[in-house]
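**Student:** Sharing start.pdb (PDB, C-alpha atoms) below.
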ATOM      1  CA  MET A1426      39.528   9.920 -21.020
ATOM      2  CA  SER A1427      38.834  13.483 -21.993
ATOM      3  CA  ARG A1428      39.423  16.360 -19.627
ATOM      4  CA  GLN A1429      35.745  17.413 -19.704
ATOM      5  CA  LEU A1430      34.606  13.940 -18.683
ATOM      6  CA  MET A1431      37.041  13.938 -15.766
ATOM      7  CA  ILE A1432      35.733  17.319 -14.601
ATOM      8  CA  ILE A1433      32.137  16.109 -14.822
ATOM      9  CA  LYS A1434      32.994  12.997 -12.791
ATOM     10  CA  ARG A1435      34.648  15.110 -10.108
ATOM     11  CA  VAL A1436      31.675  17.453  -9.895
ATOM     12  CA  VAL A1437      29.261  14.521  -9.601
ATOM     13  CA  TYR A1438      31.480  12.936  -6.974
ATOM     14  CA  LEU A1439      31.713  16.135  -4.938
ATOM     15  CA  PHE A1440      28.011  16.846  -5.206
ATOM     16  CA  GLY A1441      26.938  13.265  -4.478
ATOM     17  CA  PHE A1442      29.204  12.567  -1.539
ATOM     18  CA  TYR A1443      29.621  15.955   0.107
ATOM     19  CA  PHE A1444      26.696  18.217  -0.631
ATOM     20  CA  LEU A1445      23.806  15.804  -1.091
ATOM     21  CA  PRO A1446      23.879  14.424   2.485
ATOM     22  CA  ILE A1447      23.884  17.985   3.825
ATOM     23  CA  ILE A1448      20.877  18.876   1.704
ATOM     24  CA  ALA A1449      19.139  15.637   2.689
ATOM     25  CA  ARG A1450      19.597  16.298   6.400
ATOM     26  CA  ALA A1451      18.396  19.853   6.066
ATOM     27  CA  ASP A1452      15.190  19.151   4.125
ATOM     28  CA  ASN A1453      14.770  15.358   3.947
ATOM     29  CA  PHE A1454      14.296  15.796   0.183
ATOM     30  CA  GLY A1455      11.083  17.719   0.808
ATOM     31  CA  LEU A1456       9.307  14.669   2.200
ATOM     32  CA  ASP A1457       8.485  16.335   5.517
ATOM     33  CA  ARG A1458       6.909  19.314   3.773
ATOM     34  CA  ALA A1459       4.947  17.033   1.462
ATOM     35  CA  ALA A1460       3.714  14.898   4.355
ATOM     36  CA  ASN A1461       2.697  17.956   6.375
ATOM     37  CA  SER A1462       0.836  19.501   3.458
ATOM     38  CA  ALA A1463      -0.981  16.173   2.924
ATOM     39  CA  GLY A1464      -1.996  16.141   6.567
ATOM     40  CA  LEU A1465       0.122  13.116   7.483
ATOM     41  CA  LYS A1466       1.946  12.769  10.768
ATOM     42  CA  THR A1467       5.701  12.482  10.365
ATOM     43  CA  GLU A1468       6.399  11.365  13.913
ATOM     44  CA  GLY A1469       4.721   8.829  16.127
ATOM     45  CA  THR A1470       5.123   5.730  18.182
ATOM     46  CA  LEU A1471       5.595   2.246  16.839
ATOM     47  CA  ALA A1472       2.001   1.396  17.721
ATOM     48  CA  GLU A1473       0.695   4.372  15.722
ATOM     49  CA  LYS A1474       2.806   3.469  12.704
ATOM     50  CA  SER A1475       1.693  -0.170  12.961
ATOM     51  CA  GLY A1476      -1.920   0.970  13.116
ATOM     52  CA  GLN A1477      -1.446   3.072   9.989
ATOM     53  CA  ILE A1478       0.110   0.131   8.140
ATOM     54  CA  ILE A1479      -2.682  -2.216   9.224
ATOM     55  CA  GLY A1480      -5.291   0.344   8.175
ATOM     56  CA  SER A1481      -3.662   0.650   4.779
ATOM     57  CA  LEU A1482      -3.566  -3.121   4.356
ATOM     58  CA  LEU A1483      -7.229  -3.399   5.315
ATOM     59  CA  SER A1484      -8.074  -0.731   2.759
ATOM     60  CA  LEU A1485      -6.190  -2.744   0.158
ATOM     61  CA  VAL A1486      -8.143  -5.878   1.146
ATOM     62  CA  GLY A1487     -11.368  -3.918   0.702
ATOM     63  CA  VAL A1488     -10.332  -2.814  -2.781
ATOM     64  CA  ILE A1489      -9.407  -6.389  -3.728
ATOM     65  CA  PHE A1490     -12.797  -7.567  -2.415
ATOM     66  CA  LEU A1491     -14.579  -4.947  -4.513
ATOM     67  CA  ILE A1492     -12.643  -5.943  -7.627
ATOM     68  CA  LEU A1493     -13.414  -9.635  -7.099
ATOM     69  CA  MET A1494     -17.107  -8.922  -6.534
ATOM     70  CA  VAL A1495     -17.327  -6.808  -9.691
ATOM     71  CA  TYR A1496     -15.451  -9.482 -11.652
ATOM     72  CA  GLY A1497     -17.772 -12.190 -10.347
ATOM     73  CA  GLY A1498     -20.833 -10.099 -11.160
ATOM     74  CA  ILE A1499     -19.670  -9.350 -14.686
ATOM     75  CA  THR A1500     -18.814 -13.010 -15.226
ATOM     76  CA  TRP A1501     -22.276 -14.003 -14.030
ATOM     77  CA  MET A1502     -24.034 -11.400 -16.192
ATOM     78  CA  THR A1503     -22.109 -12.384 -19.320
ATOM     79  CA  ALA A1504     -22.519 -16.140 -18.765
ATOM     80  CA  SER A1505     -25.455 -16.268 -21.221
ATOM     81  CA  GLY A1506     -26.884 -19.350 -19.572
ATOM     82  CA  ASN A1507     -23.602 -21.264 -19.577
ATOM     83  CA  ASP A1508     -23.711 -23.265 -16.355
ATOM     84  CA  LYS A1509     -19.927 -23.539 -16.122
ATOM     85  CA  SER A1510     -19.488 -19.744 -16.227
ATOM     86  CA  VAL A1511     -22.290 -19.213 -13.703
ATOM     87  CA  GLU A1512     -20.674 -21.667 -11.287
ATOM     88  CA  LYS A1513     -17.314 -19.943 -11.772
ATOM     89  CA  ALA A1514     -18.902 -16.572 -10.979
ATOM     90  CA  LYS A1515     -20.691 -17.937  -7.908
ATOM     91  CA  GLY A1516     -17.435 -19.464  -6.703
ATOM     92  CA  THR A1517     -15.563 -16.181  -7.174
ATOM     93  CA  ILE A1518     -18.203 -14.210  -5.285
ATOM     94  CA  SER A1519     -18.466 -16.706  -2.436
ATOM     95  CA  ARG A1520     -14.676 -17.016  -2.047
ATOM     96  CA  ALA A1521     -14.341 -13.225  -2.015
ATOM     97  CA  ALA A1522     -17.027 -12.929   0.671
ATOM     98  CA  ILE A1523     -15.462 -15.708   2.770
ATOM     99  CA  GLY A1524     -12.038 -14.069   2.446
ATOM    100  CA  LEU A1525     -13.430 -10.723   3.577
ATOM    101  CA  ILE A1526     -15.150 -12.355   6.561
ATOM    102  CA  ILE A1527     -11.893 -14.083   7.554
ATOM    103  CA  VAL A1528      -9.949 -10.816   7.363
ATOM    104  CA  ILE A1529     -12.575  -8.932   9.391
ATOM    105  CA  LEU A1530     -12.668 -11.668  12.047
ATOM    106  CA  ALA A1531      -8.856 -11.750  12.248
ATOM    107  CA  TYR A1532      -8.805  -7.978  12.711
ATOM    108  CA  ALA A1533     -11.538  -8.154  15.370
ATOM    109  CA  ILE A1534      -9.762 -10.910  17.295
ATOM    110  CA  THR A1535      -6.452  -9.030  17.130
ATOM    111  CA  LEU A1536      -8.087  -5.813  18.293
ATOM    112  CA  PHE A1537      -9.803  -7.656  21.151
ATOM    113  CA  VAL A1538      -6.560  -9.304  22.305
ATOM    114  CA  ILE A1539      -4.530  -6.090  22.070
ATOM    115  CA  ASN A1540      -7.137  -4.111  24.020
ATOM    116  CA  ARG A1541      -7.127  -6.740  26.792
ATOM    117  CA  LEU A1542      -3.331  -6.601  27.228
TER
END
Give the structure from this file in structure tokens form.
**Tutor:**
Amino acid sequence: MSRQLMIIKRVVYLFGFYFLPIIARADNFGLDRAANSAGLKTEGTLAEKSGQIIGSLLSLVGVIFLILMVYGGITWMTASGNDKSVEKAKGTISRAAIGLIIVILAYAITLFVINRL
């Protein structure tokens, strides 16, 4: 092993194990500054964090619903009278709507139960 490679390994070792944790504790890799500039809260209770996660998941469900509805609509429009394609599109749209209704009802029931406790 060459002398230069040994020196580089030592520098990486010293930086990685001694200096990096100090920098990370001091600035948290800039994540706190980025979160504050984005208007996000960096501290909060478990309930607040859970609410944020649930809100994000519901937003994702909404996006998936939109994608499925657009896909079903495009499939229906491009069916060109093919009954099999039209039925496939109707099935996609109806399953997407039923899935959205189930998610909304589950959220409503959960919110109702949590507010009563």
**Student:** Could you tell me which of A:Ile1489, A:Leu1542, A:Ile1499, A:Leu1536 comes closest to Arg1520 (chain A) if we count all atoms listed in the file?
**Tutor:** A:Ile1489
**Student:** Which neighbours of region 1468-1484 of chain A fall inside 10 Å, counting only C-alpha atoms, when residues of the same chain fewer than 2 positions from it are skipped, and could you give them as a ChimeraX atom specification?
**Tutor:** /A:1457,1465-1466,1486-1490,1525,1528-1529,1532
**Student:** For region 1486-1498 of chain A, what centre and edge lengths in Å (one decimal) does the axis-aligned box get once 4 Å is added on each side of all its listed atoms, as JSON?
**Tutor:**
{"center_x": -14.5, "center_y": -7.5, "center_z": -5.3, "size_x": 20.7, "size_y": 17.4, "size_z": 20.8}
**Student:** Just give me the gap between CA of Asn1507 (chain A) and CA of Ile1492 (chain A) in Å, one decimal is fine.
**Tutor:**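 Here the two named atoms are 22.3 Å from each other.
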**Student:** Which distance in Å separates CA of Val1495 (chain A) and CA of Leu1530 (chain A), to one decimal?
**Tutor:**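 That distance, rounded to one decimal, is 22.8 Å.
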**Student:** In Å, with one decimal, what is the gap from CA of Ala1522 (chain A) to CA of Thr1500 (chain A)?
**Tutor:**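 One can read the CA of Ala1522 (chain A) to CA of Thr1500 (chain A) distance as 16.0 Å.
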